[in-house]
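Below is the file coords_12.txt, which contains compact mmCIF, C-alpha atoms.
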# COMPACT_ATOMS: atom_id res chain seq x y z
CA MET A 1333 81.60 116.02 96.45
CA SER A 1334 81.47 118.68 99.10
CA LEU A 1335 83.15 118.37 102.47
CA LYS A 1336 83.15 121.29 104.88
CA PRO A 1337 85.21 121.79 108.04
CA GLY A 1338 83.35 120.23 110.97
CA ASP A 1339 81.45 117.72 108.81
CA ALA A 1340 81.40 114.19 110.17
CA MET A 1341 82.81 111.53 107.85
CA PRO A 1342 80.30 108.69 107.28
CA GLU A 1343 81.18 105.96 109.80
CA LEU A 1344 82.56 102.65 108.62
CA ARG A 1345 81.73 99.63 110.80
CA VAL A 1346 83.41 96.29 110.17
CA THR A 1347 83.62 93.15 112.30
CA PRO A 1348 86.56 91.06 111.06
CA ASP A 1349 85.96 87.33 111.52
CA ARG A 1350 88.52 85.13 113.28
CA TYR A 1351 90.22 84.13 110.01
CA LEU A 1352 90.54 87.69 108.65
CA PRO A 1353 94.18 88.01 109.82
CA HIS A 1354 95.00 84.86 107.81
CA ARG A 1355 93.46 86.35 104.67
CA TYR A 1356 95.17 89.69 105.27
CA ALA A 1357 98.48 87.87 105.79
CA GLY A 1358 98.02 86.17 102.42
CA ALA A 1359 96.99 89.38 100.67
CA SER A 1360 99.77 91.50 102.17
CA GLY A 1361 102.61 89.02 102.67
CA ASP A 1362 102.89 89.82 106.41
CA PHE A 1363 102.87 86.42 108.14
CA ASN A 1364 104.08 87.60 111.56
CA PRO A 1365 102.78 84.78 113.83
CA ILE A 1366 101.28 87.23 116.38
CA HIS A 1367 98.52 87.74 113.79
CA ILE A 1368 97.79 84.13 112.89
CA ASP A 1369 98.97 81.76 115.64
CA PRO A 1370 97.04 82.02 118.95
CA GLU A 1371 99.59 79.91 120.85
CA PHE A 1372 102.49 82.04 119.67
CA ALA A 1373 100.56 85.23 120.49
CA LYS A 1374 99.88 84.00 124.05
CA ALA A 1375 103.50 82.92 124.49
CA VAL A 1376 104.63 86.51 123.84
CA GLY A 1377 102.12 87.92 126.32
CA LEU A 1378 99.21 88.87 124.07
CA PRO A 1379 95.61 87.90 124.89
CA GLY A 1380 95.34 86.15 121.52
CA THR A 1381 96.02 86.89 117.87
CA ILE A 1382 95.85 90.58 117.03
CA LEU A 1383 94.84 92.36 113.85
CA HIS A 1384 97.48 93.75 111.52
CA GLY A 1385 97.77 97.51 112.11
CA LEU A 1386 98.05 97.98 108.36
CA TYR A 1387 94.73 96.15 107.87
CA MET A 1388 93.07 98.70 110.15
CA MET A 1389 94.86 101.46 108.24
CA GLY A 1390 93.35 99.90 105.11
CA LEU A 1391 89.91 100.39 106.63
CA VAL A 1392 90.71 104.03 107.41
CA ALA A 1393 91.82 104.46 103.78
CA ARG A 1394 88.55 102.86 102.64
CA ALA A 1395 86.43 105.18 104.83
CA ALA A 1396 88.31 108.30 103.69
CA THR A 1397 88.08 107.25 100.01
CA ASP A 1398 84.34 106.65 100.40
CA ALA A 1399 83.93 110.08 102.03
CA ALA A 1400 85.57 111.64 98.97
CA GLY A 1401 83.20 109.86 96.56
CA GLY A 1402 84.80 106.42 96.21
CA ASP A 1403 87.44 106.92 93.50
CA PRO A 1404 90.71 105.39 94.79
CA ARG A 1405 92.63 108.28 93.13
CA SER A 1406 91.06 110.73 95.57
CA LEU A 1407 93.16 109.59 98.55
CA LYS A 1408 96.40 111.56 98.32
CA ARG A 1409 97.93 111.09 101.76
CA LEU A 1410 97.20 109.09 104.89
CA SER A 1411 99.15 109.32 108.12
CA VAL A 1412 98.27 107.22 111.19
CA GLN A 1413 99.52 106.32 114.63
CA PHE A 1414 98.94 102.78 115.85
CA ARG A 1415 98.03 102.74 119.53
CA GLY A 1416 95.77 100.01 120.93
CA MET A 1417 95.95 96.45 119.62
CA GLY A 1418 93.01 95.33 117.50
CA ALA A 1419 91.30 91.98 118.04
CA PRO A 1420 89.43 89.82 115.52
CA GLU A 1421 85.70 89.16 116.10
CA THR A 1422 85.18 92.66 117.54
CA GLU A 1423 83.52 95.52 115.70
CA ILE A 1424 85.83 98.25 114.40
CA VAL A 1425 84.34 101.72 114.00
CA VAL A 1426 86.18 104.19 111.78
CA SER A 1427 84.97 107.75 112.29
CA GLY A 1428 86.27 111.18 111.42
CA THR A 1429 85.72 114.90 111.15
CA VAL A 1430 86.72 117.22 108.33
CA LYS A 1431 89.46 119.51 109.64
CA SER A 1432 89.95 121.72 106.61
CA ALA A 1433 88.76 121.99 103.03
CA GLU A 1434 90.23 124.32 100.46
CA ASP A 1435 91.44 124.33 96.87
CA GLY A 1436 89.68 121.05 96.16
CA ARG A 1437 91.45 119.19 98.96
CA ALA A 1438 90.09 118.20 102.35
CA VAL A 1439 91.90 116.94 105.43
CA ILE A 1440 89.93 114.52 107.60
CA ASP A 1441 90.94 113.64 111.17
CA THR A 1442 90.07 109.98 111.73
CA VAL A 1443 90.07 107.39 114.49
CA ALA A 1444 89.58 103.61 114.40
CA ALA A 1445 88.29 102.08 117.62
CA GLN A 1446 86.99 98.85 119.11
CA GLY A 1447 84.76 100.09 121.92
CA ASP A 1448 86.92 102.38 124.09
CA ASN A 1449 90.13 101.00 122.61
CA GLN A 1450 91.38 103.45 119.99
CA THR A 1451 93.55 101.26 117.78
CA ILE A 1452 94.39 104.08 115.37
CA ARG A 1453 94.66 107.65 116.58
CA ASN A 1454 95.74 110.99 115.17
CA ALA A 1455 95.05 109.74 111.68
CA GLU A 1456 94.99 112.38 109.00
CA ALA A 1457 93.63 111.68 105.55
CA GLU A 1458 94.04 114.14 102.71
CA VAL A 1459 91.57 113.68 99.88
CA GLN A 1460 91.03 115.39 96.56
CA LEU A 1461 87.45 116.43 95.92
CA MET B 782 121.86 103.63 126.84
CA THR B 783 122.75 105.43 123.66
CA LEU B 784 121.20 104.16 120.48
CA LYS B 785 123.33 103.23 117.51
CA THR B 786 122.63 105.81 114.84
CA GLU B 787 125.26 105.06 112.20
CA ALA B 788 122.60 103.58 109.90
CA VAL B 789 120.81 106.95 109.59
CA GLY B 790 120.91 107.95 105.92
CA LYS B 791 121.74 104.44 104.74
CA GLU B 792 120.05 103.37 101.51
CA TYR B 793 119.07 99.81 100.66
CA PRO B 794 118.90 97.94 97.35
CA ALA B 795 115.86 98.57 95.17
CA THR B 796 113.23 95.87 94.77
CA THR B 797 110.88 95.50 91.81
CA TYR B 798 107.29 94.31 92.09
CA GLU B 799 105.03 93.51 89.15
CA VAL B 800 101.44 94.35 90.01
CA GLY B 801 99.01 91.52 89.20
CA LYS B 802 95.28 91.87 88.56
CA GLU B 803 94.28 88.97 90.81
CA LYS B 804 96.57 90.15 93.62
CA ILE B 805 94.82 93.54 93.55
CA GLY B 806 91.45 91.77 93.75
CA GLU B 807 92.61 89.60 96.66
CA TYR B 808 93.78 92.64 98.63
CA ALA B 809 90.64 94.66 97.82
CA ARG B 810 88.34 91.82 98.95
CA VAL B 811 90.14 91.45 102.29
CA VAL B 812 89.66 95.12 103.19
CA GLY B 813 86.06 94.96 101.97
CA LEU B 814 86.29 97.14 98.88
CA ASP B 815 83.67 96.45 96.24
CA ASN B 816 84.42 99.17 93.68
CA PRO B 817 84.62 97.32 90.32
CA VAL B 818 87.72 99.36 89.32
CA HIS B 819 89.68 96.95 91.59
CA PHE B 820 88.33 93.80 89.87
CA ASP B 821 87.11 94.52 86.38
CA ARG B 822 89.37 95.76 83.57
CA GLU B 823 86.56 97.37 81.58
CA ALA B 824 85.22 99.20 84.65
CA ALA B 825 88.72 100.44 85.47
CA GLN B 826 89.33 101.63 81.91
CA ALA B 827 85.90 103.31 81.80
CA ALA B 828 86.98 105.22 84.94
CA GLY B 829 90.15 106.39 83.19
CA TYR B 830 92.69 103.86 84.49
CA ARG B 831 95.11 101.94 82.27
CA ASP B 832 94.02 98.67 83.86
CA VAL B 833 92.55 97.33 87.12
CA VAL B 834 93.74 99.79 89.77
CA ALA B 835 95.17 98.92 93.18
CA PRO B 836 93.60 100.43 96.31
CA PRO B 837 95.97 103.07 97.76
CA MET B 838 97.00 100.91 100.73
CA PHE B 839 98.19 98.20 98.31
CA ALA B 840 101.36 100.33 98.61
CA VAL B 841 102.18 98.06 101.55
CA VAL B 842 102.32 95.08 99.20
CA TYR B 843 104.74 96.55 96.67
CA SER B 844 106.90 98.52 99.11
CA SER B 845 107.35 96.01 101.97
CA PRO B 846 109.91 93.91 100.07
CA ALA B 847 112.19 96.97 100.07
CA ALA B 848 111.36 98.09 103.62
CA GLY B 849 111.88 94.67 105.21
CA PRO B 850 115.65 94.34 104.68
CA ALA B 851 116.19 97.90 105.96
CA MET B 852 114.36 97.06 109.18
CA LEU B 853 116.27 93.80 109.56
CA ASP B 854 119.68 95.40 108.97
CA PRO B 855 122.01 94.47 111.89
CA GLU B 856 123.53 97.94 111.61
CA VAL B 857 120.09 99.37 112.47
CA GLY B 858 120.03 96.82 115.28
CA MET B 859 116.37 96.89 116.29
CA ASN B 860 115.28 94.59 119.10
CA PHE B 861 112.32 92.92 117.40
CA ALA B 862 111.02 91.33 120.60
CA ALA B 863 110.26 94.80 121.99
CA MET B 864 109.17 96.43 118.73
CA VAL B 865 105.77 97.76 117.70
CA HIS B 866 104.65 99.46 114.51
CA GLY B 867 104.06 102.98 115.85
CA GLY B 868 103.04 104.94 112.81
CA GLN B 869 102.70 104.89 109.07
CA GLU B 870 102.25 107.45 106.36
CA PHE B 871 101.76 107.14 102.63
CA GLU B 872 101.54 109.84 100.00
CA TRP B 873 100.22 108.79 96.62
CA ASP B 874 100.80 110.16 93.15
CA GLU B 875 100.33 108.03 90.01
CA PRO B 876 97.88 105.13 90.58
CA ALA B 877 99.32 101.57 90.56
CA CYS B 878 97.61 99.42 87.95
CA ALA B 879 97.80 95.76 86.93
CA GLY B 880 100.85 95.22 84.74
CA ASP B 881 102.85 98.03 86.32
CA GLU B 882 106.41 97.31 87.36
CA ILE B 883 107.08 99.23 90.56
CA THR B 884 110.59 99.82 91.83
CA THR B 885 111.00 100.73 95.49
CA THR B 886 114.04 102.01 97.31
CA ALA B 887 114.27 102.19 101.10
CA LYS B 888 116.26 104.43 103.38
CA CYS B 889 116.82 104.68 107.12
CA LEU B 890 115.63 108.24 107.75
CA ASP B 891 116.11 108.65 111.50
CA ILE B 892 116.92 106.86 114.74
CA SER B 893 116.21 108.71 117.97
CA GLU B 894 115.37 108.14 121.60
CA LYS B 895 112.57 109.60 123.70
CA ASP B 896 111.33 108.53 127.14
CA GLY B 897 113.32 105.29 127.03
CA LYS B 898 111.92 104.30 123.66
CA GLY B 899 113.77 104.06 120.37
CA PHE B 900 112.09 105.58 117.31
CA TYR B 901 113.24 104.10 114.01
CA VAL B 902 111.98 105.86 110.90
CA PHE B 903 112.30 104.41 107.39
CA GLU B 904 111.27 105.85 104.06
CA THR B 905 110.25 104.02 100.92
CA ASP B 906 110.02 105.62 97.53
CA SER B 907 108.16 103.75 94.78
CA VAL B 908 108.21 104.62 91.08
CA ASN B 909 106.60 102.88 88.12
CA GLN B 910 108.08 101.68 84.80
CA ASN B 911 107.73 105.20 83.37
CA GLY B 912 109.71 106.73 86.20
CA ASP B 913 106.59 108.35 87.72
CA ARG B 914 106.33 108.32 91.50
CA VAL B 915 103.57 106.03 92.73
CA ALA B 916 103.91 106.32 96.50
CA ARG B 917 106.19 107.49 99.24
CA GLY B 918 105.97 105.73 102.60
CA THR B 919 107.21 106.70 106.06
CA TRP B 920 107.40 103.80 108.50
CA THR B 921 107.87 104.45 112.23
CA LEU B 922 108.81 101.55 114.46
CA ILE B 923 109.04 101.93 118.23
CA VAL B 924 111.26 99.77 120.44
CA ARG B 925 110.58 99.78 124.18
CA GLY B 926 113.33 99.79 126.76
CA VAL B 927 116.31 100.93 124.71
Can you present the structure in this file as structure tokens?
Amino acid sequence: MSLKPGDAMPELRVTPDRYLPHRYAGASGDFNPIHIDPEFAKAVGLPGTILHGLYMMGLVARAATDAAGGDPRSLKRLSVQFRGMGAPETEIVVSGTVKSAEDGRAVIDTVAAQGDNQTIRNAEAEVQL
Amino acid sequence: MTLKTEAVGKEYPATTYEVGKEKIGEYARVVGLDNPVHFDREAAQAAGYRDVVAPPMFAVVYSSPAAGPAMLDPEVGMNFAAMVHGGQEFEWDEPACAGDEITTTAKCLDISEKDGKGFYVFETDSVNQNGDRVARGTWTLIVRGV
């Protein structure tokens, strides 16, 4: 696997269906009602249920792992900042650029966005090549 | 207003999580992973793993039970109604495989204020049954209007 500084990471595009947050809640154990109960979400001022930030981070991890060849062992570190809220039934695009690559390790700057809404910013993935 | 910071440095009781093969598969399917090493024992062993291997972000599943009580600690005193998950970092070492028993400890690393927001930083440290580190997590929660 060769990644060079400036290389674009292959994009990952995923459109979570409306029940995805329920499945993620079950898989992760995070049943915060803002993710699964539209009435509760609206009562606390949200437009509707929102995606789990850690689900979107899971997609960033998936994209970075794929960029390194697909072995889950290759992802050594992932650091993200959650900014915009993610909504179900809207396409998420995970993209990135290789920042550095040396000694068999590459650092990839990544972003997850729904249209102009960057839900994850300043994400840095370190992968072993 | 000055934030309470006496919880900085406080450590919380360890939790133990036994990693299950089907739980790994459930998590992997939800995030759309189709690599057979997450589902099939023979494929995982052929790739050099002891057993079906968890995706890296499965760290959330085995470390949250330790992180939760730290975040809910009244001495930390976070206002949950105004809280958002601001940032997250994981560093991974030994892979987590089905059958592993992972022990996680949590610590309140820092509480600080900037631009009227409270920044609460927690750390989780997860080791497996052999004492090898599996993952270290840094969890940053932001509370508006402190």
Rank nothing, just name the residue among A:Arg1355, A:Ala1399, A:Asp1349, A:Met1417 nearest to Ile1382 (chain A), using all atoms listed in the file.
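Going through A:Arg1355, A:Ala1399, A:Asp1349, A:Met1417 one by one, the smallest distance to Ile1382 (chain A) is for A:Met1417.
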Give me, as CSV, each residue of chain A that comes within 6 Å of chain B, together with its shortest interatomic pair and the distance in Å at one decimal, counting all atoms listed in the file, with rows ordered by chain and rising residue number.
residue,atom,partner,partner_atom,distance
A:Ala1359,CA,B:Tyr808,CA,5.0
A:Ser1360,CA,B:Val842,CA,5.3
A:Gly1390,CA,B:Met838,CA,5.8
A:Pro1404,CA,B:Pro836,CA,5.9
A:Lys1408,CA,B:Trp873,CA,5.0
A:Arg1409,CA,B:Glu872,CA,4.2
A:Leu1410,CA,B:Phe871,CA,5.5
A:Ser1411,CA,B:Glu870,CA,4.0
A:Val1412,CA,B:Gln869,CA,5.4
A:Gln1413,CA,B:Gly868,CA,4.2
A:Phe1414,CA,B:Gly867,CA,5.1
Using only C-alpha atoms, please write the residues we just selected to a file, as a short mmCIF file (atom, residue, chain, number, x, y, z; two decimals), keeping the file's coordinate frame.
data_model
loop_
_atom_site.label_atom_id
_atom_site.label_comp_id
_atom_site.auth_asym_id
_atom_site.auth_seq_id
_atom_site.Cartn_x
_atom_site.Cartn_y
_atom_site.Cartn_z
CA ALA A 1359 96.99 89.38 100.67
CA SER A 1360 99.77 91.50 102.17
CA GLY A 1390 93.35 99.90 105.11
CA PRO A 1404 90.71 105.39 94.79
CA LYS A 1408 96.40 111.56 98.32
CA ARG A 1409 97.93 111.09 101.76
CA LEU A 1410 97.20 109.09 104.89
CA SER A 1411 99.15 109.32 108.12
CA VAL A 1412 98.27 107.22 111.19
CA GLN A 1413 99.52 106.32 114.63
CA PHE A 1414 98.94 102.78 115.85
#
For CA of Asp1441 (chain A) and CA of Asp896 (chain B), determine how far apart the two atoms are, in Å to one decimal place.
26.4 Å
Between A:Glu1423, A:Asp1339, A:Asp1403, A:Asp1362, which is the closest to Ala1438 (chain A) once you count only C-alpha atoms?
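Closest residue, counting only C-alpha atoms: A:Asp1339.
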Pick out the residues sitting within 7 Å of Phe900 (chain B), and hand them over as a count of residues only; count all atoms listed in the file, and ignore anything fewer than 5 positions along from it in its own chain.
7
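Residues within 12 Å of Leu853 (chain B), counting all atoms listed in the file and excluding same-chain residues fewer than 4 positions away, are Ala788, Tyr793, Ser845, Pro846, Ala847, Ala848, Gly849, Val857, Gly858, Met859, Asn860, Phe861, Met864, Cys889, Tyr901, Phe903 and Leu922 of chain B.
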Using Å and a single decimal, report how far CA of Gly1416 (chain A) sits from CA of Asp1448 (chain A).
9.7 Å
List as number ranges by chain the protein and nucleic acid residues near Gln910 (chain B), meaning an atom at most 7 Å away when all atoms listed in the file are counted, but skip any in the same chain fewer than 6 places from it.
B: 881-883
Set the distance at 7 Å and use all atoms listed in the file: which residues neighbour Ala795 (chain B) once local chain neighbours fewer than 6 positions away are removed? I'd like the list as an NGL selection string.
:B and (847 or 884-886)
What's around Pro1342 (chain A) at 12 Å? Count only C-alpha atoms, leave out sequence neighbours fewer than 3 positions away in its own chain, and write the answer as a list of chain:residue names.
A:Leu1335, A:Asp1339, A:Arg1345, A:Val1392, A:Arg1394, A:Ala1395, A:Ala1396, A:Thr1397, A:Asp1398, A:Ala1399, A:Ala1400, A:Gly1401, A:Val1425, A:Val1426, A:Ser1427, A:Gly1428, A:Thr1429, A:Val1430, A:Ile1440, A:Thr1442
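In this structure, CA of Asp1369 (chain A) sits 17.8 Å away from CA of Leu1386 (chain A).
Among the candidate residues A:Ser1432, A:Thr1381, A:Thr1451, A:Ser1406, the one lying nearest to Ala1393 (chain A) is A:Ser1406, with distances computed using only C-alpha atoms.
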Within 9 Å of (103.5, 92.4, 86.9), in the coordinates the file gives, what residues turn up when you count only C-alpha atoms, written out as an NGL selection string?
:B and (798-802 or 879-883)
Restrict the selected residues to C-alpha atoms and save them as an mmCIF file, in the frame of the given file.
data_model
loop_
_atom_site.group_PDB
_atom_site.id
_atom_site.type_symbol
_atom_site.label_atom_id
_atom_site.label_comp_id
_atom_site.auth_asym_id
_atom_site.auth_seq_id
_atom_site.Cartn_x
_atom_site.Cartn_y
_atom_site.Cartn_z
ATOM 1 C CA TYR B 798 107.290 94.310 92.090
ATOM 2 C CA GLU B 799 105.030 93.510 89.150
ATOM 3 C CA VAL B 800 101.440 94.350 90.010
ATOM 4 C CA GLY B 801 99.010 91.520 89.200
ATOM 5 C CA LYS B 802 95.280 91.870 88.560
ATOM 6 C CA ALA B 879 97.800 95.760 86.930
ATOM 7 C CA GLY B 880 100.850 95.220 84.740
ATOM 8 C CA ASP B 881 102.850 98.030 86.320
ATOM 9 C CA GLU B 882 106.410 97.310 87.360
ATOM 10 C CA ILE B 883 107.080 99.230 90.560
#
Determine the axis-aligned bounding box of all atoms of region 824-833 of chain B present in the file, pad each side by 8 Å, and express its centre and edge lengths in Å to one decimal place as JSON.
{"center_x": 90.2, "center_y": 101.9, "center_z": 84.5, "size_x": 25.9, "size_y": 25.1, "size_z": 21.3}
Which one is closest to Pro1379 (chain A): A:Ala1419, A:Thr1347, A:Phe1363, A:Ala1433? Count all atoms listed in the file.
A:Ala1419
